[in-house]
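Shown next: run-v8.txt, containing compact mmCIF, C-alpha atoms.
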```
# COMPACT_ATOMS: atom_id res chain seq x y z
CA GLN A 29 -58.87 15.46 156.22
CA VAL A 30 -55.99 14.35 154.06
CA GLN A 31 -53.23 16.78 153.09
CA LEU A 32 -52.00 16.40 149.53
CA VAL A 33 -48.85 17.72 147.84
CA GLU A 34 -48.28 17.28 144.11
CA SER A 35 -44.97 17.31 142.27
CA GLY A 36 -43.53 16.37 138.90
CA GLY A 37 -45.06 18.96 136.63
CA GLY A 38 -42.97 20.89 134.14
CA LEU A 39 -42.31 21.66 130.49
CA VAL A 40 -42.15 18.83 127.98
CA GLN A 41 -42.28 18.57 124.20
CA ALA A 42 -45.24 16.99 122.46
CA GLY A 43 -44.86 13.23 122.42
CA GLY A 44 -42.92 13.23 125.67
CA SER A 45 -43.76 11.88 129.11
CA LEU A 46 -44.09 13.12 132.66
CA ARG A 47 -44.89 11.39 135.93
CA LEU A 48 -46.83 13.31 138.54
CA THR A 49 -46.60 12.34 142.19
CA CYS A 50 -49.02 13.13 145.00
CA ALA A 51 -47.85 12.61 148.57
CA ALA A 52 -50.58 12.31 151.17
CA SER A 53 -50.49 12.79 154.91
CA GLY A 54 -53.17 12.61 157.53
CA ASN A 55 -55.77 10.01 158.21
CA SER A 56 -57.27 7.18 156.22
CA PHE A 57 -55.23 7.44 153.03
CA SER A 58 -55.58 3.76 152.19
CA ASP A 59 -59.36 3.87 152.71
CA ARG A 60 -59.97 6.65 150.22
CA SER A 61 -60.15 6.82 146.50
CA MET A 62 -57.50 9.11 145.03
CA GLY A 63 -57.33 10.84 141.75
CA TRP A 64 -56.28 13.56 139.40
CA TYR A 65 -58.47 16.34 138.09
CA ARG A 66 -58.06 19.39 135.89
CA PRO A 67 -59.89 22.75 135.91
CA ALA A 68 -63.36 23.02 134.41
CA PRO A 69 -65.79 25.92 134.00
CA GLY A 70 -68.02 26.99 136.83
CA ASN A 71 -65.78 26.38 139.84
CA GLN A 72 -65.60 22.68 139.01
CA ARG A 73 -62.87 20.24 138.16
CA ALA A 74 -62.95 17.51 135.56
CA LEU A 75 -61.89 13.92 135.97
CA VAL A 76 -58.52 12.85 134.63
CA ALA A 77 -58.08 9.57 136.52
CA VAL A 78 -59.31 8.00 139.77
CA ILE A 79 -57.99 4.94 141.59
CA LYS A 80 -59.75 3.05 144.38
CA SER A 81 -57.98 1.87 147.49
CA GLY A 82 -57.83 -1.63 146.04
CA GLY A 83 -56.31 -0.45 142.76
CA ASP A 84 -59.22 -0.35 140.31
CA SER A 85 -58.90 2.75 138.15
CA ARG A 86 -60.93 4.76 135.66
CA TYR A 87 -60.10 7.54 133.27
CA ALA A 88 -61.55 10.33 131.19
CA ASP A 89 -62.37 8.68 127.86
CA ARG A 90 -60.04 10.85 125.79
CA LEU A 91 -57.06 9.99 128.03
CA LYS A 92 -57.37 6.22 128.04
CA GLY A 93 -54.25 4.58 126.73
CA ARG A 94 -52.03 7.60 127.33
CA PHE A 95 -52.38 8.23 131.07
CA THR A 96 -51.99 5.63 133.83
CA THR A 97 -52.60 6.13 137.53
CA SER A 98 -51.25 3.97 140.32
CA ARG A 99 -50.88 4.14 144.08
CA ASP A 100 -48.57 2.88 146.79
CA ASN A 101 -50.54 2.66 150.02
CA ALA A 102 -47.42 1.88 152.03
CA ARG A 103 -45.89 5.17 150.90
CA ASN A 104 -49.14 7.17 150.97
CA THR A 105 -48.48 8.15 147.37
CA VAL A 106 -50.43 8.22 144.13
CA TYR A 107 -48.94 8.67 140.66
CA LEU A 108 -50.05 9.77 137.23
CA GLN A 109 -47.91 8.57 134.33
CA MET A 110 -48.57 10.78 131.32
CA ASP A 111 -47.32 9.49 127.97
CA SER A 112 -47.63 10.72 124.38
CA LEU A 113 -48.37 14.18 125.71
CA LYS A 114 -50.16 16.69 123.49
CA PRO A 115 -50.29 20.50 123.68
CA GLU A 116 -53.94 20.25 124.73
CA ASP A 117 -52.81 18.40 127.87
CA THR A 118 -51.31 21.69 129.09
CA GLU A 119 -53.02 22.39 132.38
CA VAL A 120 -52.73 22.45 136.14
CA TYR A 121 -53.34 18.96 137.52
CA TYR A 122 -54.83 18.58 140.99
CA CYS A 123 -54.56 15.59 143.28
CA VAL A 124 -57.77 14.66 145.07
CA ALA A 125 -58.85 12.33 147.86
CA GLY A 126 -62.39 11.45 148.77
CA PRO A 127 -65.20 8.91 148.76
CA GLU A 128 -65.35 6.93 145.53
CA ARG A 129 -68.99 7.83 144.89
CA MET A 130 -68.13 11.56 144.96
CA LEU A 131 -65.24 11.44 142.49
CA THR A 132 -67.41 11.75 139.41
CA ARG A 133 -66.76 13.22 135.95
CA LEU A 134 -67.25 16.80 137.20
CA ILE A 135 -67.08 17.84 140.83
CA PRO A 136 -67.32 21.20 142.60
CA ILE A 137 -64.14 22.55 144.10
CA LYS A 138 -65.82 23.20 147.43
CA ASN A 139 -66.89 19.97 149.08
CA ARG A 140 -66.19 19.22 152.71
CA PHE A 141 -65.72 15.53 152.02
CA ILE A 142 -63.05 16.05 149.34
CA SER A 143 -59.42 17.11 149.83
CA TRP A 144 -57.38 18.86 147.13
CA GLY A 145 -53.72 19.55 146.60
CA LEU A 146 -52.53 22.92 145.33
CA GLY A 147 -51.85 21.57 141.84
CA THR A 148 -48.86 21.08 139.59
CA LYS A 149 -48.55 22.73 136.18
CA VAL A 150 -47.90 20.70 133.06
CA THR A 151 -46.94 22.53 129.88
CA VAL A 152 -46.63 20.66 126.58
CA SER A 153 -44.95 22.51 123.74
CA SER A 154 -45.67 21.76 120.10
```

Please re-express this file's structure in C-alpha cells.
Amino acid sequence: QVQLVESGGGLVQAGGSLRLTCAASGNSFSDRSMGWYRPAPGNQRALVAVIKSGGDSRYADRLKGRFTTSRDNARNTVYLQMDSLKPEDTEVYYCVAGPERMLTRLIPIKNRFISWGLGTKVTVSS
C-alpha cells in the first residue's frame, strides 16, 4: 500500500489558481499511476486527472485546459495545478494511487488495490 497526504487546498476567488500537492510514502510509487478524484454519488469518486508513471496524463473532459497534473518520481510527489477556477470546482479533492486500468472515470471508494489520501478542500468564491 501507498500512503498519501494531500495539501494545498484553500479559499480562492473565481479566476484564481491553486496547486495541490500529494506526497506519497510506501512501496512502488514510481510504478503506479497517480491521480486526483472528487466525490461522486453512490460511494464513488469521479476522475479529475490521472498520470501514468511515465508521465502520460488524462483528464475529465470539462477540466481540460484548466487543470494540469504532473509528478516527480524522485520526490514521490504528484501535483494538480488548477487555473481559471470556477465556483463549481468547489470540492474535496482526493489523491489516488493504483493500477492504471483501475483508475477509470468513476471508481468505488472501497477497492483493495487502490490507495486514497484523506482529501484537501478547495473552495472557489464567486

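The space separating atom CA of A:Ser154 from atom CA of A:Ser112 comes to 12.0 Å.
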
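Nearest to A:Arg90 of all the residues A:Arg47, A:Asp117, A:Val78, A:Gly36 is A:Asp117, based on only C-alpha atoms.
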
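Minimum distance to A:Cys123 across A:Gln41, A:Asn55, A:Thr96, A:Ser61 (counting all atoms listed in the file) occurs at A:Ser61.
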
Requested in this report: Find the residues around A:Phe141 up to 12 Å (only C-alpha atoms counted), leave out those fewer than 2 positions away in its own chain, and share them as a VMD selection string.
Outcome: chain A and resid 29 to 30 60 to 61 124 to 131 135 to 139 143 to 144

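Proximity to stretch 62-66 of chain A at 8 Å, evaluated using all atoms listed in the file and with sequence-adjacent residues fewer than 6 positions away removed, yields A:Arg73, A:Ala74, A:Leu75, A:Val76, A:Ala77, A:Val78, A:Ile79, A:Lys80, A:Ser81, A:Thr97, A:Val106, A:Leu108, A:Glu119, A:Val120, A:Tyr121, A:Tyr122, A:Cys123, A:Val124, A:Ala125, A:Gly126, A:Leu131.
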
Within 6 Å of (-53.1, 22.1, 148.4) in the file's own coordinates, which protein, DNA or RNA residues have an atom, counting only C-alpha atoms? List them as a PDB file with C-alpha atoms, in the frame of the given file.
```pdb
ATOM      1  CA  LEU A  32     -52.000  16.400 149.530  1.00  0.00           C
ATOM      2  CA  TRP A 144     -57.380  18.860 147.130  1.00  0.00           C
ATOM      3  CA  GLY A 145     -53.720  19.550 146.600  1.00  0.00           C
ATOM      4  CA  LEU A 146     -52.530  22.920 145.330  1.00  0.00           C
TER       5      LEU A 146
END
```

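Across the model, the gap from atom CA of A:Leu46 to atom CA of A:Ser98 is 13.9 Å.
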
Query raised in the report: What lies within 9 Å of A:Ser58 using all atoms listed in the file, ignoring chain neighbours under 4 positions off, as a list in words?
Result: Lys80, Ser81, Gly82, Asp100, Asn101, Ala102 and Asn104 of chain A

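Using all atoms listed in the file for every distance, the candidate list A:Val33, A:Val150, A:Gly44, A:Ile142 yields A:Gly44 as the residue closest to A:Arg94.
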
Kindly write N, CA, C and O atoms of stretch 125-143 of chain A from the structure just given to a file, as a CSV table (one decimal), in the first residue's frame.
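The result, stored in decode-v5.csv:
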```
chain,number,residue,atom,x,y,z
A,125,ALA,N,-3.7,6.4,-5.8
A,125,ALA,CA,-2.7,5.6,-6.4
A,125,ALA,C,-3.2,4.2,-6.7
A,125,ALA,O,-3.9,3.7,-5.8
A,126,GLY,N,-2.9,3.7,-7.9
A,126,GLY,CA,-3.4,2.4,-8.2
A,126,GLY,C,-3.0,2.0,-9.6
A,126,GLY,O,-2.3,2.7,-10.3
A,127,PRO,N,-3.4,0.8,-10.0
A,127,PRO,CA,-3.1,0.3,-11.3
A,127,PRO,C,-3.8,1.2,-12.4
A,127,PRO,O,-5.0,1.6,-12.2
A,128,GLU,N,-3.2,1.5,-13.4
A,128,GLU,CA,-3.7,2.4,-14.5
A,128,GLU,C,-5.1,1.9,-14.9
A,128,GLU,O,-6.0,2.7,-15.1
A,129,ARG,N,-5.3,0.6,-15.1
A,129,ARG,CA,-6.5,0.1,-15.7
A,129,ARG,C,-7.7,0.3,-14.7
A,129,ARG,O,-8.8,0.2,-15.1
A,130,MET,N,-7.4,0.5,-13.5
A,130,MET,CA,-8.5,0.7,-12.5
A,130,MET,C,-8.9,2.1,-12.3
A,130,MET,O,-9.9,2.4,-11.7
A,131,LEU,N,-8.0,3.1,-12.7
A,131,LEU,CA,-8.3,4.5,-12.5
A,131,LEU,C,-9.2,5.0,-13.6
A,131,LEU,O,-8.7,5.8,-14.5
A,132,THR,N,-10.4,4.6,-13.6
A,132,THR,CA,-11.4,4.9,-14.7
A,132,THR,C,-12.2,6.2,-14.3
A,132,THR,O,-11.9,6.8,-13.3
A,133,ARG,N,-13.2,6.5,-15.1
A,133,ARG,CA,-13.9,7.7,-15.0
A,133,ARG,C,-14.6,7.8,-13.6
A,133,ARG,O,-14.7,8.8,-13.0
A,134,LEU,N,-15.2,6.6,-13.2
A,134,LEU,CA,-15.8,6.5,-11.9
A,134,LEU,C,-15.3,5.3,-11.2
A,134,LEU,O,-15.2,4.2,-11.8
A,135,ILE,N,-14.9,5.4,-9.9
A,135,ILE,CA,-14.4,4.2,-9.2
A,135,ILE,C,-15.0,4.2,-7.8
A,135,ILE,O,-15.2,5.2,-7.2
A,136,PRO,N,-15.2,2.9,-7.3
A,136,PRO,CA,-15.7,2.8,-5.9
A,136,PRO,C,-14.6,3.2,-5.0
A,136,PRO,O,-13.4,3.0,-5.2
A,137,ILE,N,-15.1,3.8,-3.8
A,137,ILE,CA,-14.1,4.2,-2.8
A,137,ILE,C,-13.4,3.0,-2.2
A,137,ILE,O,-12.2,3.0,-2.0
A,138,LYS,N,-14.1,1.9,-2.0
A,138,LYS,CA,-13.5,0.7,-1.4
A,138,LYS,C,-13.0,-0.2,-2.5
A,138,LYS,O,-13.8,-0.8,-3.3
A,139,ASN,N,-11.7,-0.3,-2.6
A,139,ASN,CA,-11.0,-1.2,-3.6
A,139,ASN,C,-9.6,-1.5,-3.0
A,139,ASN,O,-8.9,-0.6,-2.7
A,140,ARG,N,-9.4,-2.7,-2.8
A,140,ARG,CA,-8.1,-3.1,-2.1
A,140,ARG,C,-6.9,-2.8,-2.9
A,140,ARG,O,-5.8,-2.9,-2.3
A,141,PHE,N,-7.0,-2.5,-4.1
A,141,PHE,CA,-5.9,-2.3,-5.0
A,141,PHE,C,-5.6,-0.8,-5.1
A,141,PHE,O,-4.6,-0.4,-5.8
A,142,ILE,N,-6.5,0.0,-4.6
A,142,ILE,CA,-6.4,1.5,-4.7
A,142,ILE,C,-6.2,2.1,-3.4
A,142,ILE,O,-6.8,1.8,-2.4
A,143,SER,N,-5.2,3.1,-3.3
A,143,SER,CA,-4.9,3.9,-2.1
A,143,SER,C,-5.5,5.3,-2.2
A,143,SER,O,-5.3,5.9,-3.3
```
